[in-house]
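Visitor: See start12.json below, with JSON, C-alpha atoms.
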```json
[["chain", "number", "residue", "atom", "x", "y", "z"],
["K", 575, "MET", "CA", -19.44, 17.34, 8.03],
["K", 576, "SER", "CA", -21.17, 15.45, 10.83],
["K", 577, "GLY", "CA", -24.14, 14.86, 8.55],
["K", 578, "PHE", "CA", -21.84, 13.18, 6.06],
["K", 579, "LEU", "CA", -20.19, 11.07, 8.78],
["K", 580, "ASP", "CA", -23.59, 10.09, 10.16],
["K", 581, "HIS", "CA", -24.65, 9.06, 6.66],
["K", 582, "VAL", "CA", -21.53, 6.95, 6.18],
["K", 583, "ALA", "CA", -21.99, 5.27, 9.57],
["K", 584, "ALA", "CA", -25.65, 4.52, 8.80],
["K", 585, "THR", "CA", -25.11, 3.21, 5.27],
["K", 586, "ALA", "CA", -21.70, 1.54, 5.38],
["K", 587, "THR", "CA", -21.65, -2.23, 5.19],
["K", 588, "PRO", "CA", -18.78, -3.73, 7.15],
["K", 589, "VAL", "CA", -16.72, -6.28, 5.25],
["K", 590, "GLY", "CA", -15.09, -9.03, 7.25],
["K", 591, "VAL", "CA", -11.60, -10.32, 6.59],
["K", 592, "ALA", "CA", -12.89, -13.64, 5.25],
["K", 593, "ALA", "CA", -15.18, -11.91, 2.76],
["K", 594, "LEU", "CA", -12.51, -9.43, 1.69],
["K", 595, "LEU", "CA", -9.85, -12.06, 1.15],
["K", 596, "GLY", "CA", -12.16, -14.72, -0.24],
["K", 597, "GLY", "CA", -9.50, -17.38, 0.28],
["K", 598, "ARG", "CA", -6.90, -15.36, -1.64],
["K", 599, "ALA", "CA", -3.31, -14.59, -0.66],
["K", 600, "LEU", "CA", -2.78, -10.98, 0.41],
["K", 601, "VAL", "CA", -0.19, -8.77, -1.29],
["K", 602, "VAL", "CA", 0.30, -5.22, -0.03],
["K", 603, "LEU", "CA", 2.05, -2.86, -2.43],
["K", 604, "ALA", "CA", 3.39, -0.03, -0.26],
["K", 605, "PRO", "CA", 4.91, 3.15, -1.66],
["K", 606, "HIS", "CA", 7.13, 3.67, 1.42],
["K", 607, "PRO", "CA", 8.07, 1.72, 4.52],
["K", 608, "ASP", "CA", 5.24, 2.33, 7.04],
["K", 609, "ASP", "CA", 2.44, 2.67, 4.47],
["K", 610, "GLU", "CA", 1.74, -1.07, 4.83],
["K", 611, "THR", "CA", 1.21, -0.56, 8.57],
["K", 612, "LEU", "CA", -0.70, 2.73, 8.38],
["K", 613, "GLY", "CA", -2.85, 1.65, 5.44],
["K", 614, "CYS", "CA", -3.60, -1.99, 6.19],
["K", 615, "GLY", "CA", -1.73, -3.16, 9.27],
["K", 616, "ALA", "CA", -4.88, -4.52, 10.89],
["K", 617, "LEU", "CA", -5.75, -6.48, 7.76],
["K", 618, "LEU", "CA", -2.22, -7.90, 7.56],
["K", 619, "PHE", "CA", -2.51, -8.96, 11.21],
["K", 620, "ASP", "CA", -5.95, -10.55, 10.76],
["K", 621, "ALA", "CA", -5.01, -12.25, 7.50],
["K", 622, "ALA", "CA", -1.86, -13.72, 9.04],
["K", 623, "ALA", "CA", -3.83, -14.90, 12.08],
["K", 624, "ARG", "CA", -6.14, -16.77, 9.68],
["K", 625, "GLY", "CA", -3.14, -18.46, 8.04],
["K", 626, "THR", "CA", -3.44, -16.45, 4.83],
["K", 627, "PRO", "CA", -0.17, -16.13, 2.89],
["K", 628, "CYS", "CA", 0.91, -12.47, 3.03],
["K", 629, "HIS", "CA", 3.51, -10.55, 1.05],
["K", 630, "VAL", "CA", 4.50, -6.91, 1.49],
["K", 631, "ILE", "CA", 6.25, -5.25, -1.44],
["K", 632, "CYS", "CA", 7.78, -1.87, -0.59],
["K", 633, "VAL", "CA", 8.50, 0.23, -3.65],
["K", 634, "THR", "CA", 10.67, 3.11, -2.36],
["K", 635, "ASP", "CA", 13.27, 3.57, 0.37],
["K", 636, "GLY", "CA", 11.41, 6.42, 2.12],
["K", 637, "ALA", "CA", 14.66, 8.36, 2.48],
["K", 638, "ARG", "CA", 13.17, 11.80, 1.82],
["K", 639, "SER", "CA", 10.87, 11.94, 4.83],
["K", 640, "HIS", "CA", 13.35, 14.20, 6.72],
["K", 641, "PRO", "CA", 15.01, 16.29, 4.00],
["K", 642, "GLY", "CA", 18.10, 18.18, 5.10],
["K", 643, "SER", "CA", 18.31, 16.46, 8.50],
["K", 644, "ARG", "CA", 21.83, 16.13, 9.87],
["K", 645, "ALA", "CA", 20.72, 13.44, 12.32],
["K", 646, "TRP", "CA", 18.96, 11.46, 9.60],
["K", 647, "PRO", "CA", 20.86, 11.70, 6.30],
["K", 648, "ALA", "CA", 19.21, 9.83, 3.45],
["K", 649, "ALA", "CA", 21.29, 6.62, 3.66],
["K", 650, "ARG", "CA", 20.81, 6.29, 7.42],
["K", 651, "LEU", "CA", 17.11, 7.02, 7.13],
["K", 652, "ALA", "CA", 16.63, 4.48, 4.32],
["K", 653, "GLN", "CA", 18.30, 1.78, 6.43],
["K", 654, "ALA", "CA", 16.27, 2.68, 9.52],
["K", 655, "ARG", "CA", 13.02, 2.62, 7.56],
["K", 656, "HIS", "CA", 13.98, -0.72, 6.00],
["K", 657, "ASP", "CA", 14.64, -2.13, 9.48],
["K", 658, "GLU", "CA", 11.35, -0.69, 10.79],
["K", 659, "LEU", "CA", 9.45, -2.26, 7.89],
["K", 660, "ASP", "CA", 10.94, -5.67, 8.67],
["K", 661, "ALA", "CA", 10.17, -5.26, 12.40],
["K", 662, "ALA", "CA", 6.58, -4.14, 11.77],
["K", 663, "VAL", "CA", 5.85, -7.02, 9.41],
["K", 664, "ARG", "CA", 7.36, -9.52, 11.88],
["K", 665, "ILE", "CA", 4.80, -8.30, 14.42],
["K", 666, "LEU", "CA", 1.82, -8.00, 12.06],
["K", 667, "ALA", "CA", 2.36, -11.07, 9.90],
["K", 668, "PRO", "CA", 5.36, -13.08, 11.13],
["K", 669, "ARG", "CA", 5.38, -15.53, 8.20],
["K", 670, "ALA", "CA", 4.92, -12.84, 5.56],
["K", 671, "THR", "CA", 7.40, -12.31, 2.76],
["K", 672, "VAL", "CA", 8.86, -8.81, 2.43],
["K", 673, "THR", "CA", 10.29, -7.56, -0.85],
["K", 674, "TRP", "CA", 12.21, -4.28, -0.79],
["K", 675, "LEU", "CA", 12.50, -2.71, -4.24],
["K", 676, "GLY", "CA", 14.49, 0.29, -2.95],
["K", 677, "HIS", "CA", 13.55, 2.87, -5.58],
["K", 678, "PRO", "CA", 14.32, 6.43, -4.44],
["K", 679, "ASP", "CA", 11.68, 8.23, -2.42],
["K", 680, "CYS", "CA", 9.59, 10.44, -4.75],
["K", 681, "GLY", "CA", 10.76, 8.24, -7.62],
["K", 682, "ALA", "CA", 8.28, 5.35, -7.62],
["K", 683, "PRO", "CA", 8.18, 3.98, -11.15],
["K", 684, "ASP", "CA", 5.07, 3.42, -13.24],
["K", 685, "ASP", "CA", 6.45, 1.46, -16.16],
["K", 686, "ALA", "CA", 5.73, -1.87, -17.81],
["K", 687, "GLU", "CA", 9.05, -3.41, -16.75],
["K", 688, "THR", "CA", 8.50, -2.69, -13.04],
["K", 689, "ALA", "CA", 4.89, -3.83, -13.29],
["K", 690, "ALA", "CA", 5.99, -7.11, -14.85],
["K", 691, "ARG", "CA", 8.68, -7.60, -12.19],
["K", 692, "ILE", "CA", 6.18, -7.05, -9.38],
["K", 693, "GLY", "CA", 3.54, -9.11, -11.15],
["K", 694, "ARG", "CA", 5.87, -12.11, -11.10],
["K", 695, "LEU", "CA", 6.06, -11.82, -7.30],
["K", 696, "ILE", "CA", 2.29, -12.04, -6.84],
["K", 697, "PRO", "CA", 0.69, -15.47, -6.48],
["K", 698, "GLN", "CA", -2.17, -16.56, -8.70],
["K", 699, "GLY", "CA", -5.53, -15.18, -7.60],
["K", 700, "ALA", "CA", -4.17, -12.89, -4.85],
["K", 701, "LEU", "CA", -5.78, -9.77, -3.47],
["K", 702, "LEU", "CA", -3.48, -6.87, -4.37],
["K", 703, "LEU", "CA", -3.82, -3.83, -2.11],
["K", 704, "ALA", "CA", -2.12, -0.63, -3.20],
["K", 705, "SER", "CA", -2.10, 2.96, -2.05],
["K", 706, "TRP", "CA", -5.08, 5.04, -3.12],
["K", 707, "GLY", "CA", -4.55, 7.06, -6.29],
["K", 708, "GLU", "CA", -6.05, 10.20, -4.73],
["K", 709, "ASP", "CA", -3.48, 10.38, -1.91],
["K", 710, "PRO", "CA", -1.55, 13.65, -2.33],
["K", 711, "HIS", "CA", 1.94, 12.11, -2.42],
["K", 712, "VAL", "CA", 3.50, 11.40, -5.83],
["K", 713, "ASP", "CA", 4.68, 7.92, -4.83],
["K", 714, "HIS", "CA", 1.22, 6.95, -3.59],
["K", 715, "ARG", "CA", -0.32, 7.99, -6.91],
["K", 716, "GLN", "CA", 2.42, 6.22, -8.90],
["K", 717, "VAL", "CA", 1.99, 3.00, -6.93],
["K", 718, "ALA", "CA", -1.78, 3.12, -7.53],
["K", 719, "ARG", "CA", -1.13, 3.42, -11.27],
["K", 720, "LEU", "CA", 1.48, 0.66, -11.09],
["K", 721, "ALA", "CA", -1.04, -1.61, -9.33],
["K", 722, "ALA", "CA", -3.67, -0.87, -11.97],
["K", 723, "ARG", "CA", -1.12, -1.75, -14.68],
["K", 724, "ILE", "CA", -0.33, -5.04, -12.89],
["K", 725, "ALA", "CA", -4.00, -5.91, -12.48],
["K", 726, "ALA", "CA", -4.71, -5.13, -16.14],
["K", 727, "ALA", "CA", -2.07, -7.69, -17.11],
["K", 728, "ARG", "CA", -3.22, -10.17, -14.47],
["K", 729, "PRO", "CA", -7.02, -10.64, -14.59],
["K", 730, "ASP", "CA", -6.71, -13.37, -11.93],
["K", 731, "LEU", "CA", -5.95, -10.70, -9.31],
["K", 732, "ALA", "CA", -8.42, -8.77, -7.19],
["K", 733, "LEU", "CA", -7.35, -5.14, -6.79],
["K", 734, "ALA", "CA", -8.27, -2.72, -4.00],
["K", 735, "PHE", "CA", -6.81, 0.51, -2.69],
["K", 736, "TYR", "CA", -6.12, 1.94, 0.77],
["K", 737, "PRO", "CA", -5.78, 5.63, 1.69],
["K", 738, "VAL", "CA", -2.87, 6.83, 3.81],
["K", 739, "TRP", "CA", -2.70, 10.60, 3.35],
["K", 740, "GLY", "CA", -6.20, 11.23, 2.00],
["K", 741, "ARG", "CA", -8.62, 13.07, 4.24],
["K", 742, "PHE", "CA", -11.81, 11.28, 5.20],
["K", 743, "THR", "CA", -13.79, 13.96, 3.39],
["K", 744, "ASP", "CA", -11.98, 12.98, 0.17],
["K", 745, "LEU", "CA", -13.98, 9.76, 0.29],
["K", 746, "ARG", "CA", -17.25, 11.60, -0.36],
["K", 747, "ALA", "CA", -17.06, 10.57, -4.00],
["K", 748, "PRO", "CA", -16.99, 6.77, -3.77],
["K", 749, "ALA", "CA", -17.40, 6.56, -7.54],
["K", 750, "ARG", "CA", -13.76, 7.69, -7.84],
["K", 751, "LEU", "CA", -12.69, 4.75, -5.70],
["K", 752, "ILE", "CA", -14.87, 2.28, -7.52],
["K", 753, "ALA", "CA", -13.75, 3.50, -10.94],
["K", 754, "ALA", "CA", -10.12, 3.33, -9.88],
["K", 755, "SER", "CA", -10.45, -0.34, -9.01],
["K", 756, "ASP", "CA", -12.20, -1.42, -12.19],
["K", 757, "PRO", "CA", -9.84, -3.02, -14.73]]
```
Mind turning the file's structure into structure tokens?
Guide:
Amino acid sequence: MSGFLDHVAATATPVGVAALLGGRALVVLAPHPDDETLGCGALLFDAAARGTPCHVICVTDGARSHPGSRAWPAARLAQARHDELDAAVRILAPRATVTWLGHPDCGAPDDAETAARIGRLIPQGALLLASWGEDPHVDHRQVARLAARIAAARPDLALAFYPVWGRFTDLRAPARLIAASDP
């Protein structure tokens, strides 16, 4: 694998925040609370520091991360994760808007009605970042499809994806990533 990593390091072209955003607002579509931080926390921080309008939309409540726990029953866990999301975004992008959709964990929707609802929350010409469709969690895949549905209906948006659970070696086939982001 080191040959692959060496190749990536030698051929990768870094993209700065200004080039990535291109003057657009940033909208992060997170499957669960914490995916916004794990997947693009640094970008949220840098975008906010530049004065870029930021919006985090969290699709599910994340309540199934500790199934069967007596200390963390689903309702308590959902509230704690909601609070942690708010706290993280206050640190990363203090002026960002946070929208909590609260769908059940492992129940992220991929339907036209939800896509339209989320699409109405996204400003004209924004960069929409969503979880990568090859991540092995059902909600991550559903949110990627949801984002693609939104972008198909909103050609003014730029769409990109971020991995959370995917292994670095999964990125060996960049054509999958590129194809996933094409409308």
Visitor: For the atom pair atom CA of Ala599 of chain K and atom CA of Glu708 of chain K, what is the interatomic distance in Å to one decimal place?
Guide: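 Here the two named atoms are 25.3 Å from each other.
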Visitor: Looking at K:Ala652, K:Leu731, K:Val738, K:Leu666, which one is nearest to Leu612 of chain K, with distances taken over only C-alpha atoms?
Guide: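 Looking at the shortest contact to Leu612 of chain K, the residue is K:Val738.
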Visitor: Between K:Ile696, K:Ala704, K:Gly615, K:Ser639, which is the closest to Asp730 of chain K once you count all atoms listed in the file?
Guide: K:Ile696
Visitor: Which residue is closest to Trp739 of chain K? Choose from K:Gly636, K:Asp609, K:Glu658, K:Pro588 and count all atoms listed in the file.
Guide: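 Ranking K:Gly636, K:Asp609, K:Glu658, K:Pro588 by distance to Trp739 of chain K, first place goes to K:Asp609.
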Visitor: Could you check which of K:Ala726, K:Val602, K:Ala623, K:Leu594 is closest to Ile665 of chain K, using only C-alpha atoms?
Guide: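 Looking at the shortest contact to Ile665 of chain K, the residue is K:Ala623.
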Visitor: Nearest to Leu733 of chain K: which of K:Val712, K:Val601, K:Val589, K:Leu695 is it, counting all atoms listed in the file?
Guide: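 Of K:Val712, K:Val601, K:Val589, K:Leu695, the one nearest Leu733 of chain K, counting all atoms listed in the file, is K:Val601.
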Visitor: Can you pull out the residues contacting Leu702 of chain K? Cut-off 12 Å, using all atoms listed in the file, and skip same-chain residues under 5 positions away; I want them as a PyMOL selection string.
Guide: chain K and resi 594-595+598-604+614+628-631+692-693+695-697+717-718+720-726+728-736+755
Visitor: Considering all atoms listed in the file, state which residue in the set K:Gly681, K:Pro647, K:Gly597, K:Pro605 is at the smallest distance from Gly707 of chain K.
Guide: K:Pro605
Visitor: Interatomic distance between atom CA of Ala616 of chain K and atom CA of Leu659 of chain K?
Guide: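 Atom-to-atom, atom CA of Ala616 of chain K to atom CA of Leu659 of chain K, that is 14.8 Å.
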Visitor: Could you pull the residues within 10 Å of Ala592 of chain K, counting all atoms listed in the file, minus those fewer than 6 positions along the same chain, as a ChimeraX atom specification?
Guide: /K:598,620-621,624,626
Visitor: Have a look at atom CA of Gly625 of chain K and atom CA of Pro668 of chain K and let me know their distance in Å, one decimal.
Guide: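 Taking atom CA of Gly625 of chain K as the start and atom CA of Pro668 of chain K as the end point, the length is 10.5 Å.
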